[in-house]
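Report on the structure given below.
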Amino acid sequence: MEVSGTTKIDGKLRNTELKPLNIDDMISLSKTIRTDIIRETNHAYSGHPGGSLSGTDILCVLFSYFLRFNPDNPCAAGRDRFIMSKGHCAPLIYAILARMGYFPPEELLTFRFTGSRLQGHPNMLKCPGIEVSTGSLGQGLSVGLGMALGARLNRGDEFVYVMNGDGEMQEGQIWEAYMAAGHYKVDSLITLIDNNNLQIDGNVNEVMTIYPLDDKIKAFNWNVMKANGHDFKQIYDAIKAARANKGSGKPTAIIFKTHKGMGVSFMLDKAEWHGKPPNDKEAEIALKDIEAMKYPWGQ
């Protein structure tokens with residue numbers, strides 16, 4: 001499917017000009033991605049659906065309107081970079097890449113199968129569109145910082161986007177990256193925090209609190225914004241504002257309030273669905289739930 005702002009032009013980067021937000025397109029794409037996530041994890045009977053579903057709306061907007069990329073040339077010069085730092089949410093990034101044209105959507109059903117390009121965690125040596133292999137939590141922001149510094153040295157204008165999970169924020173390396181990015185004024189670096197407040201062991205604030213998250217990040221000389229991670233207009237406006245912040249000398253963190261398992265009734269806000277795949281009966285219910293979703297959701 002094609003959505004506003006992502007018309008495929010061979011040999012050229014998409015999203016070189018900002019298009020107006022089309023809510024209907026985003027509703028359709030987000031339902032498609034959620035359906036893909038359920039089918040991937042059900043078919044493999046393995047994987048992480050909960051956090052994939054919570055980050056879906058954010059990545060739909062990012063890839064449809066802001067991220068400059070070319071699926072026909074994944075290493076195209078001048079492209080923006082996206083890093084899925086919480087690499088266990090591979091079902092989400094694979095679904096996005098497939099629907100953006102990097103590989104056929106039918107390949108999604110090879111997820112986690114032996115010999116597949118779509119391994120349980122993203123592998124940059126196998127899957128087109130994956131900028132860095134992730135899965136060991138806490139590393140993505142440091143890699144993104146390095147990419148942004150490299151672009152600066154090359155006098156490029158690329159943006160680097162990193163999706164971090166809130167449970168991942170408990171990793172010390174995250175905060176080293178915040179400190180360094182703020183110190184070196186890397187204002188082309190944007191982190192998208194999927195703040196569903198759930199990790200594999202339960203509520204983030206109970207396992208090891210990261211709050212008040214905004215105040216902590218601001219202390220490292222970052223620009224910090226908050227938005228509803230399931231409201232397409234808020235997502236669009238927040239990323240647009242983060243890009244406009246370039247030149248300020250401050251990187252930007254957007255704390256998106258989300259719900260784990262968004263779109264599936266029995267997964268919603270349940271930590272047990274962090275890394276638990278749906279069986280056939282559960283998948284059937286989940287797909288019906290997704291089809292019946294009414295926007296706005298997650299308010």
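Residues in the structure tokens are named by chain (A, B, ... in the order shown) and by number from 1 within that chain; ligands are numbered from 1 in the order shown.
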For this session: Please provide as a ChimeraX atom specification all residues within 7 Å of segment 225-239 of chain A, with the sequence filter that same-chain residues fewer than 5 positions apart are discarded (counting only C-alpha atoms).
Result: /A:23,57-58,61,253-258,296-298
Kindly provide the residues of segment 90-193 of chain A that approach segment 244-251 of chain A to within 6 Å, each paired with its closest atom pair and their distance in Å to one decimal, based on only C-alpha atoms, listed by chain and increasing number, as a Markdown table.
```
| residue | atom | partner | partner_atom | distance |
| --- | --- | --- | --- | --- |
| A:Lys185 | CA | A:Gly249 | CA | 4.5 |
| A:Val186 | CA | A:Pro251 | CA | 5.4 |
| A:Asp187 | CA | A:Pro251 | CA | 4.0 |
| A:Ser188 | CA | A:Lys246 | CA | 5.9 |
| A:Leu189 | CA | A:Pro251 | CA | 5.3 |
```
For those residues, write C-alpha atoms to a file as a tab-separated table (two decimals), in the first residue's frame.
```
chain	number	residue	atom	x	y	z
A	185	LYS	CA	25.27	19.46	21.20
A	186	VAL	CA	24.16	16.80	18.71
A	187	ASP	CA	20.87	18.36	17.70
A	188	SER	CA	20.27	16.01	14.75
A	189	LEU	CA	19.68	13.14	17.20
```
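By only C-alpha atoms, and with residues fewer than 4 positions from Leu29 of chain A along its chain excluded, the set lying at most 12 Å from it is Met1, Glu2, Val3, Ser4, Thr6, Asn22, Ile23, Asp24, Asp25, Ile33, Arg34, Thr35, Asp36, Thr56, Asp57, Ile58, Leu59, Cys60, Val61, Phe63, Ser64, Ala95, Ile96, Ala98, Arg99, Met100, Phe232, Ile290 and Glu291 of chain A.
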I need the chosen residues saved as a PDB file, in the first residue's frame, with C-alpha atoms.
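The file below, part_6.pdb, is the result:
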```pdb
ATOM      1  CA  MET A   1       0.000   0.000   0.000  1.00  0.00           C
ATOM      2  CA  GLU A   2       1.063   3.586  -0.522  1.00  0.00           C
ATOM      3  CA  VAL A   3       0.360   6.343   1.978  1.00  0.00           C
ATOM      4  CA  SER A   4       0.515  10.096   1.739  1.00  0.00           C
ATOM      5  CA  THR A   6       5.704   8.013   0.841  1.00  0.00           C
ATOM      6  CA  ASN A  22      -3.656  12.175   6.437  1.00  0.00           C
ATOM      7  CA  ILE A  23      -5.382  10.490   9.392  1.00  0.00           C
ATOM      8  CA  ASP A  24      -7.269   7.971   7.256  1.00  0.00           C
ATOM      9  CA  ASP A  25      -4.016   6.751   5.693  1.00  0.00           C
ATOM     10  CA  ILE A  33       1.082  -3.185  10.715  1.00  0.00           C
ATOM     11  CA  ARG A  34      -0.716  -4.482  13.802  1.00  0.00           C
ATOM     12  CA  THR A  35      -2.185  -7.310  11.748  1.00  0.00           C
ATOM     13  CA  ASP A  36       1.298  -8.148  10.475  1.00  0.00           C
ATOM     14  CA  THR A  56       3.211   0.979  15.937  1.00  0.00           C
ATOM     15  CA  ASP A  57       1.557   4.385  15.567  1.00  0.00           C
ATOM     16  CA  ILE A  58       4.818   6.247  16.175  1.00  0.00           C
ATOM     17  CA  LEU A  59       6.697   4.406  13.431  1.00  0.00           C
ATOM     18  CA  CYS A  60       3.789   4.657  10.990  1.00  0.00           C
ATOM     19  CA  VAL A  61       4.039   8.450  11.157  1.00  0.00           C
ATOM     20  CA  PHE A  63       8.280   6.368   8.083  1.00  0.00           C
ATOM     21  CA  SER A  64       5.328   7.859   6.217  1.00  0.00           C
ATOM     22  CA  ALA A  95       6.315  -5.042   9.239  1.00  0.00           C
ATOM     23  CA  ILE A  96       7.118  -1.373   8.631  1.00  0.00           C
ATOM     24  CA  ALA A  98       7.869  -4.661   4.333  1.00  0.00           C
ATOM     25  CA  ARG A  99       5.032  -2.174   3.890  1.00  0.00           C
ATOM     26  CA  MET A 100       7.504   0.527   2.875  1.00  0.00           C
ATOM     27  CA  PHE A 232      -1.390  10.630  14.961  1.00  0.00           C
ATOM     28  CA  ILE A 290      -7.613  -4.756  15.303  1.00  0.00           C
ATOM     29  CA  GLU A 291     -10.141  -4.658  12.488  1.00  0.00           C
TER      30      GLU A 291
END
```
Exercise. Which of these, A:Lys294, A:His48, A:Arg39, A:Arg79, has the shortest distance to Asn15 of chain A once you count only C-alpha atoms?
Worked result: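 Among A:Lys294, A:His48, A:Arg39, A:Arg79, it is A:Arg79 that comes nearest to Asn15 of chain A.
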For this session: Please provide as a VMD selection string all residues within 8 Å of Gly78 of chain A, with the sequence filter that same-chain residues fewer than 4 positions apart are discarded (counting only C-alpha atoms).
Result: chain A and resid 68 156 to 158
Go ahead and write the residues just picked, C-alpha atoms, as a PDB file, in the first residue's frame.
```pdb
ATOM      1  CA  ARG A  68      14.191  10.022   4.302  1.00  0.00           C
ATOM      2  CA  GLY A 156      25.528  16.072   6.116  1.00  0.00           C
ATOM      3  CA  ASP A 157      22.013  17.083   7.105  1.00  0.00           C
ATOM      4  CA  GLU A 158      20.755  13.634   8.094  1.00  0.00           C
TER       5      GLU A 158
END
```
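Around Tyr161 of chain A, within 6 Å and counting only C-alpha atoms, the residues found are Phe82, Ile190 and Thr191 of chain A, once anything fewer than 5 positions away on its own chain is removed.
Taking atom CA of Asp201 of chain A as the reference point, atom CA of Lys288 of chain A is found at 28.2 Å.
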Exercise. So which bits of segment 59-274 of chain A end up strand (DSSP E or B) when you DSSP the backbone, as a count of residues only?
Worked result: 33
Problem set entry | Computed interatomic separation between atom CA of Ala219 of chain A and atom CA of Leu141 of chain A (Å) |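 Atom CA of Leu141 of chain A lies 17.0 Å from atom CA of Ala219 of chain A.
Across A:Asp280, A:Asp72, A:Glu106, A:Glu40, the tightest approach to Ala90 of chain A is made by A:Glu40 when counting only C-alpha atoms.
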For this session: Write down as a PyMOL selection string the residues of segment 120-258 of chain A whose backbone DSSP state falls under alpha helix (DSSP H).
Result: chain A and resi 140-153+172-183+204-208+213-218+232-244
